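Trainee: Take a look at this one; I'll ask things after.
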Amino acid sequence: ISRGFVRRAMGKLLGETQGGKAGKKRANPESDGAGGSAAQQGRIKISKIRMKNFLPYEDCCFSPGPQLNLVVGPNGSGKSSTVAAIALGLSDKAGVKVMKRGDLRMYIRKDQPSAEVEILLETPDGTLLSIRRVIHRDRPDGKESQFYL
C-alpha cells in the first residue's frame, strides 16, 4: 500500500464521524485533561493491541487503559517492541526507525514465516476500526508486508 494509506483512511473515517469536517481537533487549553474518556473528548483511542510472532512475543494481546499507561520490565523483555508494534501497525516504516532495524523481516520471531500486528481503534462515536499488518519473511511476489482494514 502507499505511504499515506492509513492516514487517508483515518481522515475519511473522521470526516464521516465529524459531520464531514476532517482534520485534527485541538485540545481546549483551559481543560485540565480530566474531561472524560478519549472518545468523549473527540479523540481516537487504541482499544487493543495484538502481536503474533513479533520479536519476543509469540502471541500477546493487551488493552491499554483510558489514561496514562506505563510499560515496565527488565532489559530485553519487549518494552520497545510494543512501541514498535504500534508504530508499524499505524504507519508504513515508522517502526523501522523506532527500533533501528533496516528490514521489516527482522521483526519476525525466529523460525516463523510471518509476524502480525493488529490494532483496534475506537472513534469518538464508538465505531471500532481494526488495522492489521502482516509482515512476511519470504513471499514469492516480493511483498514485505500487507495492511488490512
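By convention in this document, the chains of the C-alpha cells carry letters A, B, ... by their order, each chain's residues are numbered from 1, and ligands are numbered from 1 in the order they are shown.
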Skipping near chain neighbours, those fewer than 3 positions away, what residues fall within 8 Å of region 43-50 of chain A using only C-alpha atoms, listed as number ranges by chain?
Mentor: A: 25, 38-40, 59-64, 86, 116-124
Trainee: Just how far from CA of Gly65 (chain A) is CA of Val134 (chain A), in Å to one decimal?
Mentor: 25.3 Å
Trainee: Of the residues A:Ala87, A:His136, A:Ser81, A:Asp103, which is the one nearest to Ala115 (chain A), using only C-alpha atoms?
Mentor: A:His136
Trainee: In Å, how far is it from CA of Lys79 (chain A) to CA of Asn53 (chain A)?
Mentor: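 Going from CA of Lys79 (chain A) over to CA of Asn53 (chain A), I get 15.2 Å.
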Trainee: Would you pick out the contacts of region 76-78 of chain A at 10 Å or less, using only C-alpha atoms, so that residues sharing its chain but fewer than 5 positions from it are not included, and give the list as a list of chain:residue names?
Mentor: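 Here the qualifying residues turn out to be A:Phe54, A:Leu55, A:Pro56, A:Tyr57, A:Val71, A:Val83, A:Ala84.
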Trainee: Nearest to Arg105 (chain A) among A:Pro74, A:Met51, A:Leu129, A:Glu144, with distances taken over only C-alpha atoms: which residue is it?
Mentor: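 Residue with the minimum atom-to-atom distance to Arg105 (chain A): A:Glu144.
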